[in-house]
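The file coords17.txt contains compact mmCIF, C-alpha atoms:
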```
# COMPACT_ATOMS: atom_id res chain seq x y z
CA MET J 1 3.91 -17.09 7.53
CA ALA J 2 4.68 -20.25 9.55
CA ASP J 3 4.34 -18.21 12.76
CA ILE J 4 0.54 -17.99 12.27
CA LEU J 5 -1.15 -21.17 13.55
CA PHE J 6 -4.38 -22.43 11.97
CA VAL J 7 -6.62 -24.89 13.82
CA ARG J 8 -9.76 -26.59 12.52
CA GLU J 9 -12.34 -27.27 15.23
CA LEU J 10 -15.89 -28.62 15.38
CA ALA J 11 -17.85 -26.47 17.81
CA ALA J 12 -21.59 -26.81 18.48
CA ASP J 13 -22.18 -28.44 15.06
CA ARG J 14 -20.18 -25.75 13.26
CA ASP J 15 -16.97 -26.28 11.34
CA LEU J 16 -14.51 -23.54 12.29
CA VAL J 17 -10.99 -22.57 11.27
CA LEU J 18 -9.22 -20.43 13.86
CA ALA J 19 -6.02 -18.40 13.36
CA PHE J 20 -3.69 -17.74 16.27
CA ALA J 21 -0.95 -15.09 16.34
CA PRO J 22 2.63 -16.04 17.31
CA ASP J 23 1.96 -14.97 20.93
CA GLY J 24 -0.94 -17.48 21.12
CA SER J 25 -3.74 -14.93 21.02
CA PRO J 26 -6.70 -15.67 18.72
CA ALA J 27 -6.68 -13.45 15.63
CA TRP J 28 -9.36 -14.66 13.20
CA ALA J 29 -12.12 -17.23 12.75
CA LEU J 30 -13.98 -18.67 9.74
CA ASP J 31 -17.18 -20.72 9.65
CA LEU J 32 -16.50 -23.07 6.74
CA GLU J 33 -20.17 -23.90 6.13
CA SER J 34 -21.59 -20.37 5.98
CA GLY J 35 -18.45 -18.55 4.84
CA LEU J 36 -18.82 -16.11 7.74
CA GLN J 37 -15.53 -14.76 9.11
CA TRP J 38 -14.64 -12.38 11.89
CA TRP J 39 -11.63 -10.85 13.60
CA TYR J 40 -10.72 -10.98 17.24
CA PRO J 41 -9.74 -7.60 18.77
CA GLY J 42 -6.23 -6.73 17.62
CA GLY J 43 -6.09 -9.67 15.24
CA ASP J 44 -6.50 -7.80 11.97
CA ARG J 45 -2.83 -7.48 11.01
CA ALA J 46 -1.02 -7.62 7.68
CA ARG J 47 0.90 -10.80 8.61
CA VAL J 48 -2.31 -12.59 9.55
CA ARG J 49 -4.04 -11.49 6.32
CA GLU J 50 -1.09 -12.74 4.25
CA ALA J 51 -1.13 -16.11 6.03
CA ILE J 52 -4.91 -16.46 5.48
CA ALA J 53 -4.52 -15.73 1.78
CA GLU J 54 -1.65 -18.21 1.51
CA HIS J 55 -3.51 -21.08 3.23
CA TRP J 56 -7.05 -20.28 2.01
CA SER J 57 -7.33 -23.16 -0.45
CA GLY J 58 -6.37 -25.73 2.20
CA PHE J 59 -8.83 -24.79 4.97
CA ALA J 60 -11.57 -27.20 3.83
CA THR J 61 -9.16 -30.16 3.76
CA MET J 62 -7.38 -29.46 7.07
CA PRO J 63 -7.72 -32.23 9.62
CA VAL J 64 -10.08 -31.51 12.53
CA THR J 65 -7.88 -31.20 15.62
CA ALA J 66 -10.46 -30.29 18.28
CA ALA J 67 -14.15 -30.67 19.02
CA SER J 68 -16.28 -29.10 21.72
CA TYR J 69 -20.00 -29.68 22.23
CA ALA J 70 -20.68 -28.44 25.75
CA GLY J 71 -21.76 -24.84 26.19
CA PRO J 72 -21.31 -21.86 23.89
CA HIS J 73 -17.97 -21.76 22.13
CA PRO J 74 -16.03 -18.49 22.56
CA ALA J 75 -15.39 -18.25 18.83
CA LEU J 76 -19.10 -18.60 18.06
CA GLU J 77 -20.10 -16.03 20.66
CA LEU J 78 -17.59 -13.57 19.29
CA GLY J 79 -18.89 -14.21 15.79
CA ARG J 80 -22.44 -13.45 16.89
CA ARG J 81 -21.37 -10.16 18.45
CA ALA J 82 -19.09 -9.08 15.59
CA ASP J 83 -20.16 -5.72 14.22
CA ALA J 84 -18.94 -6.26 10.67
CA ALA J 85 -19.09 -9.99 9.90
CA ALA J 86 -18.56 -10.40 6.20
CA ARG J 87 -19.43 -13.25 3.86
CA VAL J 88 -16.48 -14.62 1.99
CA GLU J 89 -16.94 -14.03 -1.72
CA PRO J 90 -14.50 -14.53 -4.54
CA PRO J 91 -12.98 -11.29 -5.75
CA SER J 92 -14.92 -9.75 -8.60
CA PRO J 93 -13.12 -9.46 -11.93
CA PRO J 94 -11.90 -5.97 -12.83
CA THR J 95 -14.45 -3.92 -14.69
CA PRO J 96 -13.50 -2.50 -18.08
CA TRP J 97 -12.73 1.20 -18.23
CA THR J 98 -15.85 1.87 -20.31
CA THR J 99 -18.07 0.49 -17.55
CA GLN J 100 -16.24 2.55 -14.96
CA LEU J 101 -16.58 5.69 -17.11
CA ALA J 102 -20.31 5.08 -17.60
CA ALA J 103 -20.77 4.62 -13.85
CA LEU J 104 -18.85 7.82 -13.18
CA ILE J 105 -21.01 9.78 -15.63
CA ARG J 106 -24.22 8.32 -14.14
CA ALA J 107 -23.05 9.48 -10.70
CA LEU J 108 -22.82 13.11 -11.88
CA SER J 109 -25.68 15.54 -11.52
CA ILE J 110 -27.53 16.69 -14.65
CA PRO J 111 -25.81 20.13 -14.78
CA ALA J 112 -22.44 18.42 -14.40
CA ARG J 113 -23.30 15.98 -17.23
CA VAL J 114 -24.27 18.91 -19.48
CA ALA J 115 -21.00 20.68 -18.64
CA VAL J 116 -18.98 17.54 -19.44
CA ALA J 117 -20.85 17.08 -22.75
CA VAL J 118 -20.20 20.72 -23.76
CA GLY J 119 -16.54 20.35 -22.81
CA VAL J 120 -16.18 17.20 -24.91
CA LEU J 121 -17.85 18.90 -27.90
CA LEU J 122 -15.58 21.96 -27.63
CA LEU J 123 -12.53 19.74 -27.35
CA ALA J 124 -13.62 17.76 -30.40
CA ALA J 125 -14.29 20.98 -32.34
CA ALA J 126 -10.73 22.12 -31.58
CA VAL J 127 -8.90 18.83 -32.09
CA VAL J 128 -10.61 17.35 -35.17
CA PRO J 129 -9.70 20.24 -37.55
CA TRP J 130 -6.15 20.27 -36.26
CA VAL J 131 -5.76 16.52 -36.84
CA ALA J 132 -7.37 16.81 -40.30
CA SER J 133 -5.02 19.64 -41.30
CA PHE J 134 -2.07 17.65 -40.02
CA LEU J 135 -3.07 14.65 -42.12
CA VAL J 136 -3.79 16.71 -45.24
CA ALA J 137 -0.56 18.71 -44.86
CA GLY J 138 1.42 15.49 -44.76
CA THR J 139 0.06 14.36 -48.12
CA SER J 140 0.82 17.60 -49.97
CA ALA J 141 4.29 18.60 -48.88
CA SER J 142 4.95 20.68 -51.99
CA HIS J 143 1.70 22.65 -51.52
CA GLY J 144 0.78 22.13 -55.18
CA VAL J 145 3.83 23.97 -56.64
CA ASP J 146 5.79 22.13 -59.25
CA ASP J 147 9.57 22.57 -59.06
CA ALA J 148 9.65 23.05 -62.84
CA THR J 149 7.95 26.46 -62.43
CA VAL J 150 11.03 27.97 -60.78
CA PRO J 151 12.94 29.74 -63.56
CA ALA J 152 16.59 28.89 -64.05
CA VAL J 153 17.25 32.60 -64.56
CA ALA J 154 15.07 35.13 -62.68
CA THR J 155 14.99 38.91 -62.60
CA ALA J 156 14.99 40.94 -59.38
CA GLY J 157 11.60 42.55 -58.79
CA GLU J 158 9.73 39.94 -60.86
CA ARG J 159 6.75 38.18 -59.27
CA CYS J 160 7.40 34.73 -57.77
CA ASP J 161 5.20 32.05 -56.21
CA VAL J 162 6.98 30.21 -53.37
CA ARG J 163 8.38 32.16 -50.40
CA GLY J 164 11.97 31.21 -49.67
CA GLU J 165 12.59 29.67 -53.10
CA VAL J 166 16.07 30.43 -54.49
CA SER J 167 17.01 31.29 -58.10
CA HIS J 168 19.74 33.21 -59.96
CA ASP J 169 19.71 36.24 -62.23
CA SER J 170 21.54 36.49 -65.54
CA GLY J 171 24.62 37.91 -63.76
CA GLY J 172 24.82 34.88 -61.46
CA ARG J 173 23.62 36.64 -58.31
CA VAL J 174 21.48 34.58 -55.95
CA LEU J 175 17.85 35.71 -55.73
CA VAL J 176 15.32 34.69 -53.10
CA CYS J 177 11.51 34.81 -53.30
CA VAL J 178 10.26 37.16 -50.52
CA SER J 179 7.51 39.68 -49.89
CA PRO J 180 8.64 43.22 -50.76
CA SER J 181 6.84 44.73 -47.75
CA ARG J 182 5.09 43.66 -44.57
CA ALA J 183 1.95 45.48 -45.62
CA LEU J 184 1.41 43.13 -48.59
CA SER J 185 2.99 39.94 -47.33
CA SER J 186 0.96 37.83 -49.77
CA GLN J 187 2.70 39.42 -52.78
CA LEU J 188 6.07 37.80 -53.46
CA GLU J 189 8.93 38.84 -55.74
CA TRP J 190 12.53 37.95 -56.42
CA ARG J 191 15.10 39.94 -54.37
CA ALA J 192 18.89 39.79 -54.44
CA THR J 193 20.49 38.29 -51.35
CA THR J 194 23.50 40.67 -51.45
```

Just give me the structure of the file as structure tokens.
Amino acid sequence: MADILFVRELAADRDLVLAFAPDGSPAWALDLESGLQWWYPGGDRARVREAIAEHWSGFATMPVTAASYAGPHPALELGRRADAAARVEPPSPPTPWTTQLAALIRALSIPARVAVAVGVLLLAAAVVPWVASFLVAGTSASHGVDDATVPAVATAGERCDVRGEVSHDSGGRVLVCVSPSRALSSQLEWRATT
């Protein structure tokens, strides 16, 4: 940003830093004592902003290169007429997400707050049981059935306990534990696979 020229000038008992664009036109001014800054028409450009940010820490130690005491200084007059003169303040630290969420909720109307609260409760009512069942299911993978209960030799048509479990009959045929009908799917019995 060497193409942006900064000049420190004493004008009517005020300590100013002026920024000039590469074409020589004034772009920006800062009153070092009050922190007031303002833009000249057409001066607010990305390159000028980058140069100001880059040189900001050195403005107070720049050598004074000009001084004018007679009559109103153009930079001061423009500063007085500026519509949106802003005080220079250090950037505020980012707010935590909880503070932002609280501010967002406070900005809602009362009916909207009630709707959000009901939505959160319904979501919790749906998610908490699902998570609990997921955690409980992970701890009891065998569902309480001991493998020793599966007979080494089963008989087709006999009652069984675990759907999909495989056994054999006395003839060596493979039997599987299934429900005999869709009507009574909770009743399981051994059936031959062939």

Please measure the separation of CA of His168 (chain J) and CA of Leu188 (chain J), giving the value in Å to one decimal.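 Separation of CA of His168 (chain J) and CA of Leu188 (chain J): 15.8 Å.
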
Pairwise distance, CA of Arg49 (chain J) with CA of Thr95 (chain J), equals 24.6 Å

Considering all atoms listed in the file, can you say which of J:Trp39, J:Trp56, J:Trp190, J:Phe6 comes closest to Ala154 (chain J)?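 With all atoms listed in the file as the atom set, the closest residue is J:Trp190.
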
For Ser25 (chain J), please output as a list in words all residues within 9 Å (counting all atoms listed in the file; exclusion window: fewer than 5 positions along the same chain). Ala19, Phe20, Tyr40 and Gly43 of chain J

Could you tell me how far CA of Glu33 (chain J) sits from CA of Ala51 (chain J), in Å to one decimal place?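 Distance between the two atoms: 20.6 Å.
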
Would you list the contacts of Arg163 (chain J) as a PyMOL selection string, taking every protein, DNA or RNA residue within 10 Å and counting only C-alpha atoms, but skipping same-chain residues closer than 6 positions in sequence? chain J and resi 176-179+185-190

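For the residues J:Glu50, J:Asp15, J:Asp161, J:Asp3, ranking by smallest atom-to-atom distance to Leu32 (chain J) using all atoms listed in the file places J:Asp15 first.
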